$ cat upload.cif   # mmCIF, C-alpha atoms
data_final
loop_
_atom_site.group_PDB
_atom_site.id
_atom_site.type_symbol
_atom_site.label_atom_id
_atom_site.label_comp_id
_atom_site.auth_asym_id
_atom_site.auth_seq_id
_atom_site.Cartn_x
_atom_site.Cartn_y
_atom_site.Cartn_z
ATOM 1 C CA MET L 1355 1.360 14.760 3.235
ATOM 2 C CA GLN L 1356 0.310 18.317 2.505
ATOM 3 C CA ILE L 1357 -2.780 19.534 0.701
ATOM 4 C CA SER L 1358 -3.407 23.041 -0.548
ATOM 5 C CA ALA L 1359 -6.496 24.209 -2.395
ATOM 6 C CA ARG L 1360 -6.690 26.483 -5.431
ATOM 7 C CA PRO L 1361 -10.334 27.505 -5.879
ATOM 8 C CA MET L 1362 -11.251 28.663 -9.381
ATOM 9 C CA ASP L 1363 -14.529 29.285 -11.136
ATOM 10 C CA LYS L 1364 -16.573 26.094 -10.530
ATOM 11 C CA THR L 1365 -13.353 24.140 -9.987
ATOM 12 C CA THR L 1366 -11.042 23.487 -7.067
ATOM 13 C CA ILE L 1367 -7.593 22.080 -7.646
ATOM 14 C CA LEU L 1368 -6.126 20.249 -4.657
ATOM 15 C CA ASP L 1369 -2.326 20.165 -4.801
ATOM 16 C CA ILE L 1370 -1.172 17.136 -2.840
ATOM 17 C CA SER L 1371 2.390 16.279 -1.892
ATOM 18 C CA GLY L 1372 3.864 13.353 0.025
ATOM 19 C CA ASP L 1373 2.445 9.894 0.610
ATOM 20 C CA ILE L 1374 -1.265 9.081 0.673
ATOM 21 C CA ASP L 1375 -1.038 6.253 3.177
ATOM 22 C CA LEU L 1376 -2.730 5.122 6.364
ATOM 23 C CA ALA L 1377 -1.291 8.097 8.241
ATOM 24 C CA HIS L 1378 -2.752 10.658 5.858
ATOM 25 C CA SER L 1379 -5.515 9.247 3.672
ATOM 26 C CA SER L 1380 -8.278 10.218 6.124
ATOM 27 C CA GLU L 1381 -7.268 13.881 5.760
ATOM 28 C CA LEU L 1382 -7.505 13.683 1.969
ATOM 29 C CA ARG L 1383 -10.878 11.946 2.279
ATOM 30 C CA ARG L 1384 -12.153 14.653 4.633
ATOM 31 C CA ILE L 1385 -11.116 17.512 2.367
ATOM 32 C CA VAL L 1386 -12.481 15.916 -0.806
ATOM 33 C CA LEU L 1387 -15.816 15.102 0.841
ATOM 34 C CA ILE L 1388 -16.148 18.694 2.095
ATOM 35 C CA GLU L 1389 -15.643 19.935 -1.471
ATOM 36 C CA PHE L 1390 -18.474 17.794 -2.786
ATOM 37 C CA ARG L 1391 -20.927 17.489 0.095
ATOM 38 C CA GLU L 1392 -20.655 20.900 1.732
ATOM 39 C CA LYS L 1393 -19.274 23.258 -0.899
ATOM 40 C CA ARG L 1394 -20.959 21.453 -3.806
ATOM 41 C CA THR L 1395 -17.949 22.184 -5.988
ATOM 42 C CA PRO L 1396 -18.849 21.093 -9.541
ATOM 43 C CA ARG L 1397 -15.344 19.881 -10.354
ATOM 44 C CA VAL L 1398 -12.482 18.853 -8.064
ATOM 45 C CA ILE L 1399 -9.104 18.163 -9.620
ATOM 46 C CA LEU L 1400 -6.442 16.310 -7.651
ATOM 47 C CA ASN L 1401 -2.872 17.238 -8.563
ATOM 48 C CA LEU L 1402 -0.851 14.098 -7.797
ATOM 49 C CA LEU L 1403 2.429 15.227 -9.367
ATOM 50 C CA GLU L 1404 4.127 15.349 -5.964
ATOM 51 C CA VAL L 1405 2.605 12.153 -4.573
ATOM 52 C CA ASN L 1406 5.174 9.403 -4.192
ATOM 53 C CA TYR L 1407 3.065 6.587 -2.818
ATOM 54 C CA ILE L 1408 -0.590 5.584 -2.509
ATOM 55 C CA ASP L 1409 -1.673 2.644 -0.366
ATOM 56 C CA SER L 1410 -5.001 0.851 -0.230
ATOM 57 C CA SER L 1411 -6.425 3.368 2.243
ATOM 58 C CA GLY L 1412 -5.480 6.127 -0.202
ATOM 59 C CA VAL L 1413 -7.183 4.291 -3.042
ATOM 60 C CA ALA L 1414 -10.241 3.854 -0.820
ATOM 61 C CA SER L 1415 -10.304 7.606 -0.175
ATOM 62 C CA LEU L 1416 -10.179 8.295 -3.910
ATOM 63 C CA VAL L 1417 -13.029 5.845 -4.545
ATOM 64 C CA GLU L 1418 -15.087 7.412 -1.786
ATOM 65 C CA GLY L 1419 -14.416 10.843 -3.260
ATOM 66 C CA LEU L 1420 -15.502 9.608 -6.677
ATOM 67 C CA LYS L 1421 -18.728 8.171 -5.269
ATOM 68 C CA ALA L 1422 -19.431 11.445 -3.418
ATOM 69 C CA SER L 1423 -18.872 13.390 -6.644
ATOM 70 C CA ARG L 1424 -21.360 11.191 -8.488
ATOM 71 C CA ASP L 1425 -23.899 11.504 -5.679
ATOM 72 C CA VAL L 1426 -24.024 15.290 -6.147
ATOM 73 C CA GLY L 1427 -23.524 15.360 -9.922
ATOM 74 C CA SER L 1428 -19.969 16.704 -9.741
ATOM 75 C CA ARG L 1429 -16.689 15.415 -11.182
ATOM 76 C CA LEU L 1430 -13.478 14.186 -9.592
ATOM 77 C CA ILE L 1431 -10.469 14.365 -11.899
ATOM 78 C CA LEU L 1432 -6.890 13.192 -11.316
ATOM 79 C CA PHE L 1433 -3.719 14.296 -13.047
ATOM 80 C CA GLY L 1434 0.016 13.824 -12.735
ATOM 81 C CA LEU L 1435 0.047 10.238 -11.493
ATOM 82 C CA SER L 1436 3.518 8.939 -10.749
ATOM 83 C CA PRO L 1437 4.356 5.487 -12.146
ATOM 84 C CA ILE L 1438 3.866 4.059 -8.645
ATOM 85 C CA ALA L 1439 0.452 5.685 -8.206
ATOM 86 C CA HIS L 1440 -0.508 4.524 -11.702
ATOM 87 C CA GLU L 1441 0.601 1.001 -10.819
ATOM 88 C CA VAL L 1442 -1.535 0.958 -7.668
ATOM 89 C CA LEU L 1443 -4.673 2.029 -9.541
ATOM 90 C CA GLN L 1444 -3.905 -0.524 -12.240
ATOM 91 C CA LEU L 1445 -3.537 -3.315 -9.659
ATOM 92 C CA SER L 1446 -6.836 -2.198 -8.155
ATOM 93 C CA LYS L 1447 -8.443 -2.331 -11.617
ATOM 94 C CA LEU L 1448 -9.587 1.244 -11.060
ATOM 95 C CA LEU L 1449 -7.775 3.049 -13.855
ATOM 96 C CA THR L 1450 -10.848 3.087 -16.050
ATOM 97 C CA ILE L 1451 -13.306 4.403 -13.470
ATOM 98 C CA PHE L 1452 -11.368 7.626 -12.824
ATOM 99 C CA GLU L 1453 -10.933 10.554 -15.180
ATOM 100 C CA ILE L 1454 -7.133 10.740 -15.421
ATOM 101 C CA TYR L 1455 -5.007 13.230 -17.355
ATOM 102 C CA ASP L 1456 -1.295 13.796 -17.706
ATOM 103 C CA THR L 1457 -1.239 17.540 -17.073
ATOM 104 C CA GLU L 1458 -3.170 20.268 -15.297
ATOM 105 C CA GLU L 1459 -3.933 21.938 -18.628
ATOM 106 C CA LYS L 1460 -5.570 18.804 -19.981
ATOM 107 C CA ALA L 1461 -7.467 18.271 -16.745
ATOM 108 C CA LEU L 1462 -8.819 21.831 -16.897
ATOM 109 C CA GLU L 1463 -9.800 21.441 -20.550
ATOM 110 C CA ALA L 1464 -11.721 18.241 -19.843
ATOM 111 C CA MET S 436 15.051 -25.563 3.450
ATOM 112 C CA HIS S 437 17.852 -23.400 4.724
ATOM 113 C CA ARG S 438 17.302 -20.239 6.670
ATOM 114 C CA ALA S 439 20.020 -17.723 7.298
ATOM 115 C CA GLY S 440 20.172 -15.282 10.181
ATOM 116 C CA TRP S 441 17.956 -12.280 10.316
ATOM 117 C CA LEU S 442 18.843 -9.542 7.862
ATOM 118 C CA LEU S 443 16.574 -7.003 9.460
ATOM 119 C CA GLN S 444 14.687 -6.858 12.743
ATOM 120 C CA LEU S 445 12.446 -3.970 13.679
ATOM 121 C CA GLU S 446 10.453 -3.408 16.834
ATOM 122 C CA LEU S 447 7.976 -0.695 16.078
ATOM 123 C CA PRO S 448 4.843 0.737 17.673
ATOM 124 C CA SER S 449 1.529 0.608 15.840
ATOM 125 C CA ASN S 450 1.813 4.209 14.674
ATOM 126 C CA PRO S 451 0.825 4.922 11.045
ATOM 127 C CA GLU S 452 3.463 7.678 10.857
ATOM 128 C CA LEU S 453 6.171 4.995 10.936
ATOM 129 C CA LEU S 454 4.927 3.155 7.851
ATOM 130 C CA SER S 455 6.966 5.366 5.536
ATOM 131 C CA VAL S 456 10.119 4.475 7.485
ATOM 132 C CA VAL S 457 9.450 0.759 7.073
ATOM 133 C CA ARG S 458 8.696 1.233 3.375
ATOM 134 C CA SER S 459 12.072 2.891 2.894
ATOM 135 C CA ALA S 460 13.846 0.065 4.720
ATOM 136 C CA MET S 461 12.018 -2.650 2.771
ATOM 137 C CA MET S 462 12.691 -0.956 -0.546
ATOM 138 C CA ARG S 463 16.406 -0.781 0.181
ATOM 139 C CA LEU S 464 16.573 -4.351 1.458
ATOM 140 C CA THR S 465 14.778 -5.833 -1.553
ATOM 141 C CA GLU S 466 16.984 -3.833 -3.914
ATOM 142 C CA GLU S 467 20.096 -5.064 -2.141
ATOM 143 C CA LEU S 468 18.886 -8.657 -2.372
ATOM 144 C CA GLY S 469 18.597 -8.328 -6.143
ATOM 145 C CA PHE S 470 14.847 -8.305 -6.695
ATOM 146 C CA PRO S 471 13.739 -6.605 -9.918
ATOM 147 C CA ALA S 472 12.364 -3.086 -9.462
ATOM 148 C CA GLY S 473 8.721 -4.095 -9.881
ATOM 149 C CA GLU S 474 9.054 -6.841 -7.305
ATOM 150 C CA CYS S 475 10.782 -4.480 -4.864
ATOM 151 C CA ARG S 476 7.755 -2.215 -5.104
ATOM 152 C CA ALA S 477 5.296 -5.113 -4.822
ATOM 153 C CA LEU S 478 7.043 -6.623 -1.820
ATOM 154 C CA THR S 479 7.342 -3.253 -0.097
ATOM 155 C CA ARG S 480 3.661 -2.634 -0.766
ATOM 156 C CA ALA S 481 2.784 -6.058 0.668
ATOM 157 C CA VAL S 482 4.640 -5.372 3.913
ATOM 158 C CA ASP S 483 3.157 -1.868 4.150
ATOM 159 C CA GLU S 484 -0.360 -3.218 3.739
ATOM 160 C CA ALA S 485 0.249 -6.034 6.217
ATOM 161 C CA LEU S 486 1.403 -3.495 8.800
ATOM 162 C CA ALA S 487 -1.598 -1.283 8.056
ATOM 163 C CA ASN S 488 -3.873 -4.272 8.641
ATOM 164 C CA ILE S 489 -2.227 -4.939 11.995
ATOM 165 C CA ILE S 490 -2.664 -1.301 13.021
ATOM 166 C CA CYS S 491 -6.288 -1.091 11.854
ATOM 167 C CA HIS S 492 -7.665 -4.547 12.581
ATOM 168 C CA ALA S 493 -5.469 -6.254 15.193
ATOM 169 C CA TYR S 494 -4.981 -3.116 17.281
ATOM 170 C CA HIS S 495 -8.124 -1.255 16.114
ATOM 171 C CA GLY S 496 -6.120 1.908 15.490
ATOM 172 C CA ARG S 497 -4.565 2.067 18.952
ATOM 173 C CA PRO S 498 -1.073 3.598 18.662
ATOM 174 C CA GLY S 499 1.910 2.429 20.679
ATOM 175 C CA GLN S 500 1.162 -1.298 20.485
ATOM 176 C CA PRO S 501 4.060 -3.632 19.665
ATOM 177 C CA ILE S 502 4.794 -4.968 16.190
ATOM 178 C CA HIS S 503 7.802 -7.139 15.442
ATOM 179 C CA LEU S 504 9.113 -7.249 11.858
ATOM 180 C CA LEU S 505 11.752 -9.817 10.882
ATOM 181 C CA CYS S 506 13.358 -10.386 7.509
ATOM 182 C CA ARG S 507 15.757 -13.136 6.501
ATOM 183 C CA ARG S 508 17.019 -14.942 3.460
ATOM 184 C CA THR S 509 15.467 -18.350 2.879
ATOM 185 C CA GLU S 510 16.412 -21.103 0.454
ATOM 186 C CA VAL S 511 14.284 -24.009 -0.672
ATOM 187 C CA ARG S 512 15.022 -26.887 -3.037
ATOM 188 C CA ALA S 513 12.182 -27.688 -5.387
ATOM 189 C CA GLY S 514 12.367 -29.817 -8.536
ATOM 190 C CA GLY S 515 16.109 -30.176 -8.156
ATOM 191 C CA LYS S 516 16.593 -26.433 -8.161
ATOM 192 C CA GLU S 517 17.453 -24.176 -5.312
ATOM 193 C CA ARG S 518 15.393 -21.050 -4.911
ATOM 194 C CA THR S 519 16.442 -18.110 -2.830
ATOM 195 C CA GLY S 520 13.915 -15.796 -1.332
ATOM 196 C CA LEU S 521 13.155 -13.252 1.319
ATOM 197 C CA GLU S 522 11.102 -14.373 4.298
ATOM 198 C CA ILE S 523 9.281 -11.697 6.258
ATOM 199 C CA VAL S 524 7.581 -12.391 9.575
ATOM 200 C CA LEU S 525 5.229 -9.929 11.252
ATOM 201 C CA ILE S 526 4.173 -10.582 14.848
ATOM 202 C CA ASP S 527 1.654 -8.624 16.889
ATOM 203 C CA ARG S 528 -0.303 -9.089 20.104
ATOM 204 C CA GLY S 529 -3.604 -7.739 18.845
ATOM 205 C CA ALA S 530 -6.945 -9.337 18.117
ATOM 206 C CA ALA S 531 -6.972 -12.497 16.036
ATOM 207 C CA ALA S 532 -7.665 -12.113 12.340
ATOM 208 C CA ASP S 533 -10.985 -13.380 11.086
ATOM 209 C CA ARG S 534 -9.953 -16.135 8.702
ATOM 210 C CA LYS S 535 -12.860 -15.507 6.375
ATOM 211 C CA ASN S 536 -11.473 -12.007 5.828
ATOM 212 C CA LEU S 537 -8.136 -13.441 4.660
ATOM 213 C CA ARG S 538 -9.526 -14.210 1.227
ATOM 214 C CA GLY S 539 -9.883 -10.662 -0.076
ATOM 215 C CA ARG S 540 -12.713 -9.521 -2.322
ATOM 216 C CA PRO S 541 -13.381 -9.457 -6.058
ATOM 217 C CA LEU S 542 -11.879 -6.338 -7.612
ATOM 218 C CA GLU S 543 -14.869 -5.965 -9.904
ATOM 219 C CA ASP S 544 -16.765 -4.833 -6.813
ATOM 220 C CA VAL S 545 -15.764 -1.166 -6.908
ATOM 221 C CA ARG S 546 -15.974 0.175 -3.371
ATOM 222 C CA PRO S 547 -13.685 1.653 -0.729
ATOM 223 C CA GLY S 548 -11.771 -0.842 1.403
ATOM 224 C CA GLY S 549 -10.684 -4.450 1.089
ATOM 225 C CA LEU S 550 -7.786 -3.848 -1.259
ATOM 226 C CA GLY S 551 -5.004 -4.353 1.249
ATOM 227 C CA LEU S 552 -5.159 -8.128 1.241
ATOM 228 C CA HIS S 553 -5.174 -8.117 -2.549
ATOM 229 C CA PHE S 554 -1.949 -6.076 -2.504
ATOM 230 C CA ILE S 555 -0.350 -8.423 0.035
ATOM 231 C CA GLN S 556 -1.209 -11.569 -1.905
ATOM 232 C CA GLY S 557 -0.117 -9.972 -5.166
ATOM 233 C CA GLY S 558 3.301 -9.076 -3.812
ATOM 234 C CA VAL S 559 4.424 -12.417 -2.382
ATOM 235 C CA ASP S 560 4.639 -16.103 -3.279
ATOM 236 C CA VAL S 561 3.683 -17.415 0.154
ATOM 237 C CA MET S 562 1.330 -15.948 2.768
ATOM 238 C CA GLN S 563 0.726 -17.879 5.983
ATOM 239 C CA TYR S 564 -1.223 -16.694 8.991
ATOM 240 C CA GLN S 565 -0.982 -18.311 12.388
ATOM 241 C CA ARG S 566 -2.520 -17.479 15.762
ATOM 242 C CA LYS S 567 -0.451 -18.840 18.605
ATOM 243 C CA ALA S 568 0.053 -17.887 22.261
ATOM 244 C CA ARG S 569 -2.242 -14.848 21.819
ATOM 245 C CA ARG S 570 -0.068 -13.540 19.045
ATOM 246 C CA ASN S 571 -0.689 -13.122 15.329
ATOM 247 C CA ARG S 572 2.118 -14.302 13.098
ATOM 248 C CA LEU S 573 2.039 -13.484 9.410
ATOM 249 C CA ARG S 574 4.743 -15.086 7.278
ATOM 250 C CA LEU S 575 5.387 -13.771 3.802
ATOM 251 C CA VAL S 576 7.908 -15.201 1.329
ATOM 252 C CA LYS S 577 8.981 -13.860 -2.029
ATOM 253 C CA TYR S 578 11.391 -15.850 -4.179
ATOM 254 C CA LEU S 579 13.929 -14.257 -6.435
ATOM 255 C CA PRO S 580 13.431 -14.941 -10.142
ATOM 256 C CA ALA S 581 15.313 -18.042 -11.359
ATOM 257 C CA ALA S 582 17.686 -16.062 -13.554
ATOM 258 C CA ARG S 583 18.508 -13.464 -11.025
ATOM 259 C CA PRO S 584 21.337 -11.023 -10.605
ATOM 260 C CA GLU S 585 23.837 -11.944 -7.929
ATOM 261 C CA PRO S 586 22.515 -10.610 -4.608
ATOM 262 C CA ARG S 587 24.577 -7.798 -3.168
ATOM 263 C CA ILE S 588 24.111 -9.067 0.373
ATOM 264 C CA ALA S 589 26.392 -12.012 1.169
ATOM 265 C CA LYS S 590 24.793 -15.294 2.153
ATOM 266 C CA GLY S 591 24.623 -15.710 5.934
ATOM 267 C CA LYS S 592 25.661 -18.771 7.890
#

$ encode --input "upload.cif" --output "structure tokens"
Amino acid sequence: MQISARPMDKTTILDISGDIDLAHSSELRRIVLIEFREKRTPRVILNLLEVNYIDSSGVASLVEGLKASRDVGSRLILFGLSPIAHEVLQLSKLLTIFEIYDTEEKALEA
Amino acid sequence: MHRAGWLLQLELPSNPELLSVVRSAMMRLTEELGFPAGECRALTRAVDEALANIICHAYHGRPGQPIHLLCRRTEVRAGGKERTGLEIVLIDRGAAADRKNLRGRPLEDVRPGGLGLHFIQGGVDVMQYQRKARRNRLRLVKYLPAARPEPRIAKGK
């Protein structure tokens, strides 16, 4: 998995590629928590277009990121979910608790 | 019940980096056996999560510990009908599982963690855990749908 950050005005987009699984989810968690807890970024957008697979540890990292965002009054937004990633969030009954958009443009407009 | 020979046997260390390799193998195997696409994903996810549980809970994150993964075709006769399925057995030498943690948690409780067991149970028809001779043995079975396409892997003896 690779993560690169695109800081913008009051927003950071994290471009993620690869699998968010047990081998890599802790790295995603660490980076997202830094954005909210240390940098106090008002809005973090996760670009999941290049993510092939998310396991339960990946879902847990997303939930923890969401809780951290709410703790500091920020927002965590997802876009570009693959059908497999969508399926995992659906099975977890978490689709409705995340802000999810199809494209980066729509995520930025939100 | 009739069990054929092993279709796939893997000896792997408890290293998270290898999970993607196993996922690829399981996806291909389930496709070859004729499972529908959604069930291939669900079964692959179940095995992935079971392995992650072994790494995290049985071995407490220690890499290099042994995990044995076995897959074979299984056939059972129920109600006068024969059902073909895939039996997966995972064996490790780590700490015993706490049986009260084998029930999962309500999904309405939105919090990190605890989803893995839900994914395992959702992906298979049978889940059996056994602790014997200081080893954990998890048996998973998924049956092919009744009206299934002809499997592409020939039946073993």

$ closest_atom_pairs --input "upload.cif" --of "chain L" --to "chain S" --cutoff "9 Å" --atoms "only C-alpha atoms" --output "CSV"
residue,atom,partner,partner_atom,distance
L:Asp1373,CA,S:Ser455,CA,8.1
L:Asp1375,CA,S:Leu454,CA,8.2
L:Leu1376,CA,S:Pro451,CA,5.9
L:Ala1377,CA,S:Pro451,CA,4.7
L:His1378,CA,S:Glu452,CA,8.5
L:Asp1409,CA,S:Glu484,CA,7.3
L:Ser1410,CA,S:Gly551,CA,5.4
L:Ser1411,CA,S:Gly548,CA,6.9
L:Val1413,CA,S:Pro547,CA,7.4
L:Ala1414,CA,S:Pro547,CA,4.1
L:Ser1415,CA,S:Pro547,CA,6.9
L:Leu1416,CA,S:Pro547,CA,8.2
L:Val1417,CA,S:Pro547,CA,5.7
L:Glu1418,CA,S:Pro547,CA,6.0
L:Lys1421,CA,S:Arg546,CA,8.7
L:Ile1438,CA,S:Arg476,CA,8.2
L:Val1442,CA,S:Phe554,CA,8.7
L:Leu1445,CA,S:Phe554,CA,7.8
L:Ser1446,CA,S:Leu542,CA,6.5
L:Lys1447,CA,S:Leu542,CA,6.6
L:Leu1448,CA,S:Val545,CA,7.8
L:Ile1451,CA,S:Val545,CA,9.0

$ write_last_selection --input "upload.cif" --atoms "C-alpha atoms" --output "compact mmCIF listing (two decimals), keeping the file's coordinate frame"
# COMPACT_ATOMS: atom_id res chain seq x y z
CA ASP L 1373 2.44 9.89 0.61
CA ASP L 1375 -1.04 6.25 3.18
CA LEU L 1376 -2.73 5.12 6.36
CA ALA L 1377 -1.29 8.10 8.24
CA HIS L 1378 -2.75 10.66 5.86
CA ASP L 1409 -1.67 2.64 -0.37
CA SER L 1410 -5.00 0.85 -0.23
CA SER L 1411 -6.42 3.37 2.24
CA VAL L 1413 -7.18 4.29 -3.04
CA ALA L 1414 -10.24 3.85 -0.82
CA SER L 1415 -10.30 7.61 -0.18
CA LEU L 1416 -10.18 8.30 -3.91
CA VAL L 1417 -13.03 5.84 -4.54
CA GLU L 1418 -15.09 7.41 -1.79
CA LYS L 1421 -18.73 8.17 -5.27
CA ILE L 1438 3.87 4.06 -8.64
CA VAL L 1442 -1.54 0.96 -7.67
CA LEU L 1445 -3.54 -3.32 -9.66
CA SER L 1446 -6.84 -2.20 -8.15
CA LYS L 1447 -8.44 -2.33 -11.62
CA LEU L 1448 -9.59 1.24 -11.06
CA ILE L 1451 -13.31 4.40 -13.47

$ residues_around --input "upload.cif" --residues "Arg1424 (chain L)" --least-positions-apart "5" --cutoff "12 Å" --atoms "all atoms listed in the file" --output "PDB file with C-alpha atoms, in the frame of the given file"
ATOM      1  CA  LEU L1387     -15.816  15.102   0.841  1.00  0.00           C
ATOM      2  CA  PHE L1390     -18.474  17.794  -2.786  1.00  0.00           C
ATOM      3  CA  ARG L1391     -20.927  17.489   0.095  1.00  0.00           C
ATOM      4  CA  ARG L1394     -20.959  21.453  -3.806  1.00  0.00           C
ATOM      5  CA  THR L1395     -17.949  22.184  -5.988  1.00  0.00           C
ATOM      6  CA  PRO L1396     -18.849  21.093  -9.541  1.00  0.00           C
ATOM      7  CA  ARG L1397     -15.344  19.881 -10.354  1.00  0.00           C
ATOM      8  CA  VAL L1398     -12.482  18.853  -8.064  1.00  0.00           C
ATOM      9  CA  VAL L1417     -13.029   5.845  -4.545  1.00  0.00           C
ATOM     10  CA  GLU L1418     -15.087   7.412  -1.786  1.00  0.00           C
ATOM     11  CA  GLY L1419     -14.416  10.843  -3.260  1.00  0.00           C
ATOM     12  CA  ARG L1429     -16.689  15.415 -11.182  1.00  0.00           C
ATOM     13  CA  LEU L1430     -13.478  14.186  -9.592  1.00  0.00           C
ATOM     14  CA  ILE L1431     -10.469  14.365 -11.899  1.00  0.00           C
ATOM     15  CA  ILE L1451     -13.306   4.403 -13.470  1.00  0.00           C
ATOM     16  CA  PHE L1452     -11.368   7.626 -12.824  1.00  0.00           C
TER      17      PHE L1452
END

$ atom_distance --input "upload.cif" --atom1 "CA of Gly1434 (chain L)" --atom2 "CA of Ala1461 (chain L)"
9.6 Å

$ resolve_selection --input "upload.cif" --expression "the PyMOL selection byres ((chain L and resi 1359-1367) around 9)" --output "list in words"
Ile1357, Ser1358, Leu1368, Asp1369, Ile1370, Glu1389, Thr1395, Pro1396, Arg1397, Val1398, Ile1399, Leu1400, Asn1401 and Leu1462 of chain L

$ write_last_selection --input "upload.cif" --atoms "C-alpha atoms" --output "PDB file, in the frame of the given file"
ATOM      1  CA  ILE L1357      -2.780  19.534   0.701  1.00  0.00           C
ATOM      2  CA  SER L1358      -3.407  23.041  -0.548  1.00  0.00           C
ATOM      3  CA  LEU L1368      -6.126  20.249  -4.657  1.00  0.00           C
ATOM      4  CA  ASP L1369      -2.326  20.165  -4.801  1.00  0.00           C
ATOM      5  CA  ILE L1370      -1.172  17.136  -2.840  1.00  0.00           C
ATOM      6  CA  GLU L1389     -15.643  19.935  -1.471  1.00  0.00           C
ATOM      7  CA  THR L1395     -17.949  22.184  -5.988  1.00  0.00           C
ATOM      8  CA  PRO L1396     -18.849  21.093  -9.541  1.00  0.00           C
ATOM      9  CA  ARG L1397     -15.344  19.881 -10.354  1.00  0.00           C
ATOM     10  CA  VAL L1398     -12.482  18.853  -8.064  1.00  0.00           C
ATOM     11  CA  ILE L1399      -9.104  18.163  -9.620  1.00  0.00           C
ATOM     12  CA  LEU L1400      -6.442  16.310  -7.651  1.00  0.00           C
ATOM     13  CA  ASN L1401      -2.872  17.238  -8.563  1.00  0.00           C
ATOM     14  CA  LEU L1462      -8.819  21.831 -16.897  1.00  0.00           C
TER      15      LEU L1462
END

$ residues_around --input "upload.cif" --residues "His492 (chain S)" --least-positions-apart "2" --cutoff "12 Å" --atoms "all atoms listed in the file" --output "PyMOL selection string"
chain S and resi 449+484-490+494-497+527-533+536-537+549+551+571

$ atom_distance --input "upload.cif" --atom1 "CA of Gln563 (chain S)" --atom2 "CA of Pro471 (chain S)"
23.4 Å
